[in-house]
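Trainee: After the structure tokens below, expect a handful of questions from me.
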Amino acid sequence: MDRNQLDGLLALKLVAEKRNFTAAAKELGVSPPAISKMIKQLEQRLGTTLLTRTARSTSPTEAGEAFLSQAAPALEHILTAMKEVGSLGGKPTGKLRLNVPTMIYPNYLKKIIASFTKKYPDVSVEVCLENAATDIFARGFDAGIRVSDILAKDLVAIKLFGPIRFVVVGSPKYLDKMGRPKHPKELLSHNCIRVGVGERIYGNWEFESRGKALRVEVKGSLIMNDSILALDAAIDGTGLLYITEDAVSDKLNSGKLEVVLNQFAPTSSGYYLYFPQRSQVHPKLRVFIEHLKSFPIE
């Protein structure tokens, strides 16, 4: 396909959507006569009329509707790419949608986002707190944060911090009453606080024993979809909780919680910001990545 054909296709799509040559011309950055010429050339190549033009309105013909029904999805991708590339040198604006684990926000991301929105006031940041591993890009998110172990290979991943350890913690009150487990299998006789909702409840706690992975499907009387509230429940003595060590370091130092099964604690390389390769062209995401890299980790 040569450039003239592509221009004609884009011109046809825009005129059909906007029902107006002037509006379509403005979208493509050309004059209305130029739009008209593009479409006429396309009609000549196809040997059929694609638009019905009157003094009051413009609309696709039956042939035009049939053609656009098949070509529109591909054309939409082309227009989106043109807008994104065209905005690379512009000022970052719009909404940046992030999907992150609950405990990441207060312990790591809160200060970063506060400084980012101050530096880039034209970018609003929407933060969705969620622990489950789902296809966040199908739901319209620009980027997410997860541990390295669950990231797909076709994504771009930038390390934020790590390595991190996953530990089982409980309050001294609970452990004094129920005992301190010596092996992960002993968790089956403990009240374990699970995090999640519906089919996404995380009840398979992972451990390492002599270099081999070990999983225990725990049970308990409390399931919560909020890690922070689950942590509060563990501090109150409700049961044991599986969580990253960095998220509870202050509670461990203060004596509100203590680690059990420490010798079985597994390690991950760390937390990563991840996004599709194509998303790097978005100015709002590009400057957020730059800001993350320049922000000191405490």
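Letters A, B, ... go to the chains of the structure tokens in the order shown; residues in each chain start at 1; ligands are counted from 1 in the same order.
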Quick one: residues within 9 Å of region 229-238 of chain A, only C-alpha atoms, excluding same-chain residues fewer than 3 positions away - as a PyMOL selection string?

Mentor: chain A and resi 169-175+191-195+221-226+241+243+248+251+256-257

Trainee: Determine, counting only C-alpha atoms, which protein, DNA and RNA residues have an atom within 10 Å of an atom of Gln41 (chain A); residues of the same chain fewer than 3 positions away are not included. Present the result as a list of chain:residue names.

Mentor: A:Asn4, A:Gln5, A:Asp7, A:Gly8, A:Ser36, A:Lys37, A:Met38, A:Gln44, A:Arg45, A:Leu46, A:Gly47

Trainee: Do you know which residues are at most 7 Å from region 283-293 of chain A counting only C-alpha atoms, after dropping those on the same chain fewer than 4 positions away, and could you put them as a PyMOL selection string?

Mentor: chain A and resi 88+92-93+96+116+123

Trainee: Dump all heavy atoms for the selected residues as a compact mmCIF listing (two decimals), in the first residue's frame?

Mentor:
# COMPACT_ATOMS: atom_id res chain seq x y z
N LEU A 88 4.95 12.71 21.21
CA LEU A 88 6.18 12.39 21.93
C LEU A 88 6.93 13.63 22.40
O LEU A 88 7.50 13.65 23.48
CB LEU A 88 7.10 11.54 21.05
CG LEU A 88 6.80 10.04 21.03
CD1 LEU A 88 7.70 9.34 20.02
CD2 LEU A 88 6.98 9.45 22.40
N PRO A 92 3.55 16.10 28.80
CA PRO A 92 2.80 14.95 29.31
C PRO A 92 1.47 15.39 29.91
O PRO A 92 1.42 16.28 30.75
CB PRO A 92 3.72 14.37 30.39
CG PRO A 92 5.08 14.87 30.03
CD PRO A 92 4.87 16.23 29.44
N THR A 93 0.38 14.77 29.47
CA THR A 93 -0.95 15.08 29.97
C THR A 93 -1.77 13.80 30.06
O THR A 93 -1.34 12.74 29.62
CB THR A 93 -1.69 16.06 29.03
OG1 THR A 93 -1.80 15.46 27.73
CG2 THR A 93 -0.95 17.38 28.92
N LEU A 96 -2.80 8.61 34.01
CA LEU A 96 -1.90 7.47 34.07
C LEU A 96 -2.52 6.46 35.03
O LEU A 96 -2.64 6.71 36.22
CB LEU A 96 -0.52 7.89 34.56
CG LEU A 96 0.53 6.78 34.71
CD1 LEU A 96 0.88 6.20 33.34
CD2 LEU A 96 1.78 7.30 35.41
N PHE A 116 5.61 13.12 41.92
CA PHE A 116 5.38 13.07 40.48
C PHE A 116 4.25 14.01 40.07
O PHE A 116 4.38 14.77 39.09
CB PHE A 116 5.05 11.64 40.05
CG PHE A 116 4.70 11.51 38.59
CD1 PHE A 116 5.68 11.52 37.62
CD2 PHE A 116 3.37 11.39 38.19
CE1 PHE A 116 5.36 11.41 36.26
CE2 PHE A 116 3.04 11.28 36.84
CZ PHE A 116 4.04 11.30 35.89
N VAL A 123 -0.77 15.67 34.57
CA VAL A 123 -0.99 14.22 34.55
C VAL A 123 -1.68 13.82 35.86
O VAL A 123 -1.19 14.11 36.94
CB VAL A 123 0.33 13.44 34.42
CG1 VAL A 123 0.06 11.93 34.45
CG2 VAL A 123 1.06 13.81 33.14

Trainee: Each residue of region 183-258 of chain A lying at most 9 Å from region 263-274 of chain A should get a row with its shortest atom-to-atom pair and the distance in Å to one decimal, counting only C-alpha atoms; could you produce that, ordered by chain and increasing number, as JSON lines?

Mentor:
{"residue": "A:His183", "atom": "CA", "partner": "A:Phe264", "partner_atom": "CA", "distance": 8.0}
{"residue": "A:Pro184", "atom": "CA", "partner": "A:Phe264", "partner_atom": "CA", "distance": 7.6}
{"residue": "A:Glu206", "atom": "CA", "partner": "A:Pro266", "partner_atom": "CA", "distance": 7.0}
{"residue": "A:Phe207", "atom": "CA", "partner": "A:Pro266", "partner_atom": "CA", "distance": 5.2}
{"residue": "A:Glu208", "atom": "CA", "partner": "A:Phe264", "partner_atom": "CA", "distance": 5.0}
{"residue": "A:Ser209", "atom": "CA", "partner": "A:Phe264", "partner_atom": "CA", "distance": 5.8}
{"residue": "A:Arg210", "atom": "CA", "partner": "A:Phe264", "partner_atom": "CA", "distance": 8.6}
{"residue": "A:Ala213", "atom": "CA", "partner": "A:Pro266", "partner_atom": "CA", "distance": 8.3}
{"residue": "A:Leu214", "atom": "CA", "partner": "A:Phe264", "partner_atom": "CA", "distance": 8.9}

Trainee: Can you tell me how far CA of Gly179 (chain A) sits from CA of Asn262 (chain A), in Å to one decimal?

Mentor: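 About the pair CA of Gly179 (chain A) and CA of Asn262 (chain A): they are 14.9 Å apart.
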
Trainee: Between A:Ser254, A:Ser148, A:Thr117, A:Thr49, which one has atoms that come closest to Ala133 (chain A), using only C-alpha atoms?

Mentor: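 Under the stated criterion, the closest residue is A:Ser148.
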